[in-house]
Structures are given as C-alpha cells and as structure tokens.
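Inspection log for the structure reproduced underneath, given as structure tokens.
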Amino acid sequence: MKIRNSSLQTKLMSAMLLTCAVVLLLMCTAYMILEYNSYRNSVRIQVTTLAQVIARNSTGAVAFKSERDAVDILNALKVEKSIVAACIYDEEGKIFAKYPADTSSTIFPAVALYKGFRFESNYFVGFEEVTQENKILGVLYIKSNLSAMYAQLRHYALLALFLIIGSMGIAYFLSKSLQKSISEPILALEETAMKISQHRDYSVRAKKFVNDEVGSLTDAFNQMLVQIQTQNSEIVSFNQNLEQKISERTNDLKQQKEFVETIINSSVDLIVVFDKYLNYIMLNKQALQFFDGESFVSKNLLEVFPGIENSEMHQNLKVALTGKPVHQPKYLSPVLNRYFENYFIPLINAENEVYGAVSIGHDITSIIETSEKLVTVNAELMKSNRDLEQFAYIASHDLQEPLRKIQTFSQLMEKHLDDKVNLTRYLNKVSLSAERMQHLIQDVLNFSRISNSAEAFVETDLNKILEQLKSDFELLLREKEVEIIHQELPMIKAIPLQVSQLFANLISNSIKYTERKPVIKIDVTNLSKKELGAHPKLNQDKEYIKLEFSDNGIGFEQEYADQIFGIFERLHGKQAYSGTGIGLALCRKIVENHQGIIYARGETGKGATFNIIIPS
Amino acid sequence: MLFFSYHNVVSQTLPEDKIKAVFIFNFTHFVEWPEETFENANDPLIIGIIGGDPFGEYINETVSGEMISGHPIVVRRYQDIRQIDCHILYINVKDAEEIKKIIYFTEGKNILTVSDEDNFVKWGGIVQFMEENNKIKLQINVKSAQHTKLAISSKLLSVAEIYK
C-alpha cells in the first residue's frame, strides 16, 4: 500500500521536478551558448580591428624596413592583455618584427599561412595584410588567448549550476506540498476501491474531498457501487433460482433417462439405434449381450460387418432412412445364426427430417424351431395315421380272414363230429389258419417295434451279418438251391439287428419271387457326388454307400416300383406266392431309420434290383 | 645573348642598391604629388636618375606594372641637368658642386630629391640614405619638403630621422 501510494506521489513530483529541471537546463544552456557566441564575436571584432589598426600603422615601418619603429607599433598591443603574440612578416615572408620583442621566432608560423582570422582551440589567431595603396608590403600575425573568455564562461556555468540546484530545491518543496492536492483524493479513492475488491463489501462509499474531476470521479464511483450492490443482490437471487431450477431439471432428465433406459434395456428384443450414416448410436442390453457390441458405438455398420453390404438387412435400413418403416417377418442372421423378426423404424425429428433409424429384432429362433419340429411331428403323425389306417385294414381283412376260416371250419366240425376224415381235414385247416395268423401278428409286431425302437448305432460289419444269415437260412438256401454272390462289404454305423432284418427280408423276398435256382448278387459302391445330387432328400454333406441287391426272379412292372414298399401291398395273389405283405415295408422303415433311402427297379420276367443308400 | 646580358646587369646590382631601389619605389606610396604635376590623368609618375645608375634593370623590374592613383610608374635616366622632368630624382653624383647645382635646379619643381651624399639634406636635398649598422636609414629635410607642394606621410616621417 505504501509503495503504491508513494508511486503516484513520486510520479507527480518527478513530473514537476523533471519539467523544472529541463526548463532550467534549457534556459541555462541557451544562455551559455548565447554568451559563448557573443564573446567570440566580440573577441573577433576586437582582435581584427586591432590587427587592422596595427597593420595600417606599420606600413611605413615595413616599407622602409624600420624594425625599431615596427616593434614600437607592436608594443602598443600591451594594452590588450589577451594578445599573447604578434609579428610582422616582410615582403619576402621573413619575420621582421615580433611582440613581445624577446619572444623566440619559433612560436610564430614560418610563413603567413592564410588570410583572415580563426579560432584555434584556446586562441584566436590570424593574419592581416600590411598594405599601402593596394600594395602588399607585408603581413601581420596576431595570436589572442581566449582563456579569459573561457574563465568567464566557466564562471557563468558555475553560477547556472548553483541556480539550478537552488531552484530544484525550492521546486522539490513546492511540488511536495502541491502534489498532495492531486494525489490525496486519488489515493483515498484507490484505497477504498482496494478495500472493496478485497472484502467484496459494496456498502463502503468513497469520501469526497474536492469538487474537481477527482470529486466527480468519486461521485461516479459511488454511484457505480450503488448499482453494483443492487445488481449483485439481483444476480445472487437469480442465480440461486437458476441453480435450483437446473438441479430440478437435471434430476428430472436423469430420472427420465433412467426410466427410458430401463424400459429399453428390459426389452427382450434387440434394439439398435443408427444415425443417418448408419453409425451405431446405441445398443440396448439385449443387443450388447448378443453382439458383445460395446465397441460398436460411433462406428459404422459396414465397418463392423463389412460382409453385410447390400444384404437384405442393409437394404431395409436404407429404406428406413428414407422415412418408410420396414417389417421383415423372418431373417436368419448370418452373424448370430439365429432367426429374427425385424422392424426398421425411421427416427424423424420435428422438422420432418430423418435423422436415424431404429432396428428392433425379435428373436424368433425358438418359434421357428418349434414350428419346424411341428412340421416333422405332423408328418410323422400323418404317417403313423396312415399306418394305423393300414392296421385297421389288416384288422378288417387280413387278420379277419384266418379268423373267419377258423370260425367256418369250427362250425363245420360241429356238424361233422362223427365224420373223422373230414374232421381231421377241418382241424388241419384251422391249425393252418391259426399259424398264418400267428405269422401276421409276429410281422406286425416286428414292424411296430422298428417304429418305436431307439436302439444305439454301433460299428457294424456287414460281412458278419450276411454270414450269420447264410448260416441261419442254411437249410432253406440248400433246398431252394440259392446262390448268393457278393464282394467284400464295408463297416458302417448301424443298428445290427435292423440291418440283419433288412438283409433277411430282401433275400427272402428274392427267393420268394424266384421259381428256380435263385441267384442273388450284392454289389457295394461309394456313392459319387453326382449320384448324391440326384437324391435331394439325402444330406448333401454326408458320405454314403450304395448296396445293390439284384436277383433273377419274376421282376415287376416299373410303374409299381413305389407301391411295393407299402404295408400289406402285394402285386401277386396269396395263392401264387406266400407272404404277409409286410417285408418290403419293413425294409423301407429300417432304411429310413438309418437316414437312407431305398428304391427298386424291375422288369417283368427279368428280375428285380433293390438299391439301398445309407451313410457309411 | 640577351638573357646573358640581363643576368649580367642583375647580378651587378648590389644588395644595398636593391633596397634603395625598393625604397625609392616605396616613396611613391608615402608621398603625394599635386595634380598639376600630371598633365593628364594617366600620365606616368616618373622616377628620374641622374649620374651613374646603380640599379640597372632591377628598378625597372620593381616598378613594372605598378600604378599610383592611376599613374603608371616609369624610370628615366638623365645625362644632362636640363633633361630633368620627373617626380622623384635620385642623384648619384660625386661632385658636391654638381649636387648643389641640381638641388638648386629642382627647387620649386615639386621633385622629391634623393641622394646618398652625406651632406645632402644639409645642402637642401629632401631625402638622404644613410647606412647605420648595415641598415639603410632615411633622413628627411622637412623644411626643404615644405618648400615644395609635396605631402609627405607622417608614417614616412615617423621612420625617418628629421633634419632641422
């Protein structure tokens, strides 16, 4: 505070003193210069005049070479103390007379150097021609010492110095008391201002000293303080209001945001928000879980999934960005390998401009799977129904037929209890019918057992199965003179019992429909890709083998090639060829059970070929 | 040949004679002749020499081109007293009676008479050259001068010894 105070005072005093000093200095300098010049001028006039007089007086002496006379004339210079030396050169330039007379000639210039006078450091020197009637007779040299002049100037300078010092002293005391009238009100005002800025107390007022500009400044300052005080209180109350409102609003917004986020995140659907350049803006919790998509935000869709460009998904989003909502009922995500029902909804602002799009994906994988399962189950059900219908048919026809016979022959036996011959014949008929019924029931049971079985698939050697069958049917094969030709068969994953049944049914079927010396040929090949392509029902990715059972039997017409695999379907009469009509149906069931297919080719009288394609 | 003869003449002039020649010339500056001695404004101021000429060409050289109040300066040498018509007359005659005769002849003719003769001013001549300490001094007979209308400058008088 002290330093600041003294600063303004110092400045004022310095300004006054400096002004004073500069003015005094300028005045004294100007006076000195003037004095110096006037001195020089007076010296010049004095010496040149003296020189002219001496020169004129000495013409006679020079003309008639009177040295004594010349010296006399020069001696007149004694009256002028400043003249320290003088001499006269004669016509030939030799020094003719000197002043003072006893001076050595060496102090004089050897010859007259120039015409006229000049100042040379401490001296005023020069040459004046001695002429008579325009005739130059000689030259006068005069040397005047200026030290008297300089001594006078020094005296003046000293006087000026004392004058300046004295004046400055007076000026100092004067300025010290005068500056107070300016600095004190300003310093007081400054102190007040400092106090206010330090304590922020705007109730303080500055004291007014005088009615000048500083006085009006004080008034203005006080008025400003009043205004600041009023405005301050207004601002404070306004600020408090504002702060409260802001905190309320922030709280509301926060709650709203949390509310919306909770709703969005509690959705089971995948919600993804894009901007109008398809950059990710937001993914809800469900979407984040699916995609692990924390890092997606602010990236572009195509940057994250480059392969998606121009896909259905991408197209739909682009349509949504034109303002049209899109509904995609079923979409298999190549990324997630799951099914979704997608909605692409444009985000439109108040100006009716699309600024983004929301993609809402509802996971319908389980529904799709269930419905696919339903289709399968439905097909199975329908097949089972068809089987049941066939069962009903058996019940009404095939199974009733031996029963009806047993009934008929039983009634006949009642009537002919005494007739032993006939009785035996009827009993035999009843027994045959019962046996046939037993066969029928056994086959139906076998068939239904395959439908329901869930036995395990194991590595199965087809050679062993065939050898076992050959030994089981040894008597029959020998009796019918059957020849089975086959190459080395492979190992496959299968249910051994069912494969055995398959082979048994196919062999017995061939034997049944061959009248003399049946020859059964079994071929096996790996199914080529080309052949596989001809059977769309098969899984195109799996490896298959193809087994061909061909015989030299009666064959069949190609148009019945499918029909023969139906249950209880027979092309030929019961009387001509024995059988229950279940064998080939059983074969088909077994092959289908092994995810394979069976089909037949034939021509009447030229044998039949059964092809089985199953996974290897 | 001409050069040789000129050089010969100059070398023949003695130093004191040279000073005297210059003094004679200088008299033209310190003495005023009345206008009646000149018929025309540009008539020459004549320096006459009677008797032997000790100056030779030197005095011609000294005055050559010089002017006094518009009058050129010429040097004339006289053999006969009756020839004398000049403003300054240097009398280089040894015979005393002859000198007195010339002084008498020139009286009242406004001629500044000059001589080396020891008794020249005593006999009524105006300016007399004297040797003193090897220096040439002047002696002037003011009375003789006052008989003419010549105005002799005080500066000249101040360097000369006055004969009364």
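By convention in this document, the chains of the structure tokens carry letters A, B, ... by their order, each chain's residues are numbered from 1, and ligands are numbered from 1 in the order they are shown.
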
Per residue of chain B within 6 Å of chain A, record the nearest atom pair and its distance in Å to one decimal, counting only C-alpha atoms, with rows in chain order and ascending residue number, as CSV.
```
residue,atom,partner,partner_atom,distance
B:Lys155,CA,A:Gly60,CA,4.9
B:Leu156,CA,A:Gly60,CA,5.3
B:Val159,CA,A:Ala61,CA,5.9
```

- request: Just the strand (DSSP E or B) stuff from range 26-163 of chain B, please, per backbone DSSP, written as a PyMOL selection string.
  value: chain B and resi 31-32+45-51+67-68+71-78+88-92+112-115+127-132+135-141+151-152+161-163

message: Neighbouring residues of Gly48 in chain B were defined as those with any atom within 6 Å, considering only C-alpha atoms; residues of the same chain fewer than 2 positions away were excluded. Please report them as a PyMOL selection string.
response: chain B and resi 75-77+86+88-89

With N, CA and C atoms kept, could you save the residues just selected as a PDB file, in the first residue's frame?
```pdb
ATOM      1  N   VAL B  75      60.806  54.763 -65.181  1.00  0.00           N
ATOM      2  CA  VAL B  75      62.146  55.201 -64.734  1.00  0.00           C
ATOM      3  C   VAL B  75      62.850  55.869 -65.931  1.00  0.00           C
ATOM      4  N   ARG B  76      63.380  57.008 -65.707  1.00  0.00           N
ATOM      5  CA  ARG B  76      64.136  57.691 -66.769  1.00  0.00           C
ATOM      6  C   ARG B  76      65.527  58.040 -66.262  1.00  0.00           C
ATOM      7  N   ARG B  77      66.481  57.913 -67.132  1.00  0.00           N
ATOM      8  CA  ARG B  77      67.864  58.227 -66.747  1.00  0.00           C
ATOM      9  C   ARG B  77      68.301  59.487 -67.497  1.00  0.00           C
ATOM     10  N   CYS B  86      60.780  65.126 -63.752  1.00  0.00           N
ATOM     11  CA  CYS B  86      60.326  63.892 -63.070  1.00  0.00           C
ATOM     12  C   CYS B  86      59.682  64.213 -61.728  1.00  0.00           C
ATOM     13  N   ILE B  88      60.358  61.942 -58.814  1.00  0.00           N
ATOM     14  CA  ILE B  88      61.398  61.585 -57.842  1.00  0.00           C
ATOM     15  C   ILE B  88      62.713  61.620 -58.613  1.00  0.00           C
ATOM     16  N   LEU B  89      63.704  62.240 -58.026  1.00  0.00           N
ATOM     17  CA  LEU B  89      65.005  62.290 -58.700  1.00  0.00           C
ATOM     18  C   LEU B  89      66.055  61.700 -57.762  1.00  0.00           C
TER      19      LEU B  89
END
```

message: For the structure I just gave you, how does DSSP split range 138-242 of chain A - specifically, which residues are alpha helix (DSSP H)? Reply as a ChimeraX atom specification.
response: /A:147-178,180-199,213-242

Option closest in space to Pro34 in chain B, from B:Val121, B:Val93, B:His87, B:Ile81 [counting only C-alpha atoms]: B:His87

Which residues of range 136-228 of chain A come within 12 Å of range 16-37 of chain A, and for each one, what is the closest pair of atoms and their distance in Å to one decimal, counting only C-alpha atoms, sorted by chain and residue number, as a tab-separated table?
```
residue	atom	partner	partner_atom	distance
A:Leu146	CA	A:Tyr36	CA	11.1
A:Ala148	CA	A:Tyr36	CA	11.9
A:Met149	CA	A:Tyr36	CA	8.2
A:Tyr150	CA	A:Tyr36	CA	8.4
A:Ala151	CA	A:Tyr36	CA	11.2
A:Gln152	CA	A:Tyr36	CA	9.4
A:Leu153	CA	A:Tyr36	CA	7.0
A:Arg154	CA	A:Met32	CA	9.5
A:His155	CA	A:Met32	CA	10.6
A:Tyr156	CA	A:Met32	CA	7.5
A:Ala157	CA	A:Met32	CA	7.3
A:Leu158	CA	A:Cys28	CA	10.7
A:Leu159	CA	A:Cys28	CA	9.7
A:Ala160	CA	A:Cys28	CA	6.2
A:Leu161	CA	A:Cys28	CA	8.6
A:Phe162	CA	A:Cys28	CA	11.1
A:Leu163	CA	A:Leu24	CA	8.6
A:Ile164	CA	A:Leu24	CA	6.3
A:Ile165	CA	A:Ala21	CA	9.0
A:Gly166	CA	A:Ala21	CA	10.9
A:Ser167	CA	A:Cys20	CA	8.2
A:Met168	CA	A:Ala21	CA	6.8
A:Gly169	CA	A:Leu17	CA	9.3
A:Ile170	CA	A:Leu17	CA	9.8
A:Ala171	CA	A:Leu17	CA	6.4
A:Tyr172	CA	A:Leu17	CA	6.5
A:Phe173	CA	A:Leu17	CA	10.0
A:Leu174	CA	A:Met16	CA	9.4
A:Ser175	CA	A:Met16	CA	6.4
A:Lys176	CA	A:Met16	CA	9.4
A:Ser177	CA	A:Met16	CA	11.6
A:Leu178	CA	A:Met16	CA	9.7
A:Gln179	CA	A:Met16	CA	8.9
```

Keeping N, CA and C atoms for every residue in the selection just given, could you write it to a file as a tab-separated table (two decimals), in the first residue's frame?
```tsv
chain	number	residue	atom	x	y	z
A	146	LEU	N	42.26	32.97	-25.53
A	146	LEU	CA	40.82	33.01	-25.19
A	146	LEU	C	40.55	32.58	-23.77
A	148	ALA	N	40.70	33.94	-21.00
A	148	ALA	CA	39.90	34.89	-20.23
A	148	ALA	C	38.42	34.67	-20.51
A	149	MET	N	38.15	34.46	-21.81
A	149	MET	CA	36.75	34.23	-22.21
A	149	MET	C	36.22	32.93	-21.58
A	150	TYR	N	37.07	31.88	-21.65
A	150	TYR	CA	36.63	30.60	-21.09
A	150	TYR	C	36.46	30.69	-19.59
A	151	ALA	N	37.35	31.43	-18.95
A	151	ALA	CA	37.24	31.61	-17.50
A	151	ALA	C	35.91	32.28	-17.16
A	152	GLN	N	35.55	33.27	-17.97
A	152	GLN	CA	34.28	33.96	-17.77
A	152	GLN	C	33.11	32.98	-17.94
A	153	LEU	N	33.21	32.14	-19.01
A	153	LEU	CA	32.14	31.16	-19.28
A	153	LEU	C	32.02	30.16	-18.14
A	154	ARG	N	33.17	29.72	-17.64
A	154	ARG	CA	33.16	28.78	-16.52
A	154	ARG	C	32.48	29.41	-15.31
A	155	HIS	N	32.79	30.65	-15.13
A	155	HIS	CA	32.19	31.38	-14.03
A	155	HIS	C	30.66	31.39	-14.16
A	156	TYR	N	30.20	31.67	-15.38
A	156	TYR	CA	28.74	31.67	-15.65
A	156	TYR	C	28.15	30.29	-15.42
A	157	ALA	N	28.87	29.23	-15.88
A	157	ALA	CA	28.37	27.86	-15.77
A	157	ALA	C	28.18	27.49	-14.30
A	158	LEU	N	29.18	27.86	-13.48
A	158	LEU	CA	29.11	27.58	-12.05
A	158	LEU	C	27.90	28.28	-11.44
A	159	LEU	N	27.71	29.51	-11.86
A	159	LEU	CA	26.58	30.30	-11.37
A	159	LEU	C	25.26	29.60	-11.74
A	160	ALA	N	25.21	29.13	-13.00
A	160	ALA	CA	23.99	28.45	-13.51
A	160	ALA	C	23.73	27.19	-12.69
A	161	LEU	N	24.82	26.47	-12.37
A	161	LEU	CA	24.69	25.23	-11.62
A	161	LEU	C	24.07	25.52	-10.25
A	162	PHE	N	24.60	26.54	-9.58
A	162	PHE	CA	24.06	26.90	-8.28
A	162	PHE	C	22.60	27.32	-8.40
A	163	LEU	N	22.32	28.02	-9.47
A	163	LEU	CA	20.95	28.48	-9.73
A	163	LEU	C	20.02	27.28	-9.87
A	164	ILE	N	20.47	26.29	-10.67
A	164	ILE	CA	19.63	25.09	-10.92
A	164	ILE	C	19.41	24.33	-9.63
A	165	ILE	N	20.51	24.11	-8.87
A	165	ILE	CA	20.40	23.35	-7.62
A	165	ILE	C	19.44	24.05	-6.68
A	166	GLY	N	19.63	25.35	-6.55
A	166	GLY	CA	18.75	26.13	-5.67
A	166	GLY	C	17.30	26.03	-6.12
A	167	SER	N	17.09	26.21	-7.42
A	167	SER	CA	15.72	26.18	-7.97
A	167	SER	C	15.09	24.82	-7.74
A	168	MET	N	15.90	23.74	-7.94
A	168	MET	CA	15.37	22.40	-7.79
A	168	MET	C	14.96	22.15	-6.35
A	169	GLY	N	15.77	22.66	-5.42
A	169	GLY	CA	15.43	22.52	-4.00
A	169	GLY	C	14.09	23.16	-3.71
A	170	ILE	N	13.93	24.38	-4.21
A	170	ILE	CA	12.66	25.09	-3.98
A	170	ILE	C	11.53	24.32	-4.66
A	171	ALA	N	11.82	23.86	-5.91
A	171	ALA	CA	10.79	23.14	-6.68
A	171	ALA	C	10.38	21.86	-5.96
A	172	TYR	N	11.37	21.19	-5.31
A	172	TYR	CA	11.09	19.95	-4.61
A	172	TYR	C	10.08	20.20	-3.49
A	173	PHE	N	10.36	21.25	-2.68
A	173	PHE	CA	9.45	21.50	-1.54
A	173	PHE	C	8.09	21.98	-2.03
A	174	LEU	N	8.12	22.76	-3.09
A	174	LEU	CA	6.85	23.24	-3.64
A	174	LEU	C	6.01	22.07	-4.18
A	175	SER	N	6.68	21.20	-4.98
A	175	SER	CA	5.94	20.09	-5.61
A	175	SER	C	5.43	19.12	-4.56
A	176	LYS	N	6.23	18.97	-3.47
A	176	LYS	CA	5.85	18.03	-2.42
A	176	LYS	C	4.51	18.45	-1.80
A	177	SER	N	4.39	19.73	-1.61
A	177	SER	CA	3.14	20.17	-0.98
A	177	SER	C	2.02	20.30	-2.03
A	178	LEU	N	2.40	20.65	-3.27
A	178	LEU	CA	1.36	20.86	-4.31
A	178	LEU	C	0.74	19.54	-4.78
A	179	GLN	N	1.59	18.48	-4.88
A	179	GLN	CA	1.06	17.22	-5.42
A	179	GLN	C	-0.01	16.62	-4.53
```

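Taking CA of Val53 in chain A as the reference point, CA of Ile24 in chain B is found at 25.2 Å.
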
- request: Would you mind telling me which residue in B:Ile103, B:Ile68, B:Ile91, B:Val63 lies nearest to Gly51 in chain B when using only C-alpha atoms?
  value: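 Comparing B:Ile103, B:Ile68, B:Ile91, B:Val63 against Gly51 in chain B, the winner is B:Ile91.
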
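As for CA of Ile46 in chain B and CA of Thr62 in chain B, they are spaced 13.4 Å apart.
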
- request: Find the spatial neighbours of Asp43 in chain B, counting only C-alpha atoms, within a cut-off of 9 Å - ignore same-chain residues fewer than 3 positions away - and output them as JSON, numbers by chain.
  value: {"B": [38, 39, 40, 70, 71, 72]}

- prompt: Just how far from CA of Lys100 in chain B is CA of Leu45 in chain B, in Å to one decimal?
  reply: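 Answer for the CA of Leu45 in chain B to CA of Lys100 in chain B separation: 24.1 Å.
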
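Near His535 in chain A, within 10 Å and counting only C-alpha atoms, sit Lys530, Gln540, Ile597 and Ile613 of chain A; same-chain residues fewer than 5 positions away were not included.
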
query: So which one's closest to Phe25 in chain B, B:Lys164, B:Gly52, B:Pro44, B:Ile59? Using only C-alpha atoms, please.
result: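 So, comparing all the options, the nearest one is B:Ile59.
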
message: Set the distance at 7 Å and use only C-alpha atoms: which residues neighbour Val326 in chain A once local chain neighbours fewer than 6 positions away are removed? I'd like the list as a ChimeraX atom specification.
response: /A:316,320,343-345

How about saving the chosen residues, N, CA and C atoms kept, as an mmCIF file, in the first residue's frame?
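Done, and the output landed in again16.cif:
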```
data_model
loop_
_atom_site.group_PDB
_atom_site.id
_atom_site.type_symbol
_atom_site.label_atom_id
_atom_site.label_comp_id
_atom_site.auth_asym_id
_atom_site.auth_seq_id
_atom_site.Cartn_x
_atom_site.Cartn_y
_atom_site.Cartn_z
ATOM 1 N N ASN A 316 -32.880 -52.854 -45.992
ATOM 2 C CA ASN A 316 -34.018 -52.466 -45.150
ATOM 3 C C ASN A 316 -33.692 -51.208 -44.333
ATOM 4 N N ALA A 320 -35.502 -47.597 -44.388
ATOM 5 C CA ALA A 320 -35.968 -46.907 -43.179
ATOM 6 C C ALA A 320 -35.437 -45.475 -43.133
ATOM 7 N N TYR A 343 -37.931 -55.108 -37.214
ATOM 8 C CA TYR A 343 -38.626 -53.868 -37.588
ATOM 9 C C TYR A 343 -37.567 -52.795 -37.769
ATOM 10 N N PHE A 344 -37.652 -52.073 -38.895
ATOM 11 C CA PHE A 344 -36.724 -50.947 -39.127
ATOM 12 C C PHE A 344 -37.555 -49.680 -39.139
ATOM 13 N N ILE A 345 -37.367 -48.876 -38.122
ATOM 14 C CA ILE A 345 -38.242 -47.709 -37.935
ATOM 15 C C ILE A 345 -37.426 -46.422 -38.073
#
```

All residues 7 Å or closer to Gly125 in chain B, only C-alpha atoms, same chain fewer than 5 positions away omitted, as a list of chain:residue names: B:Ile103, B:Thr113, B:Val114, B:Phe120, B:Asn141, B:Ser144
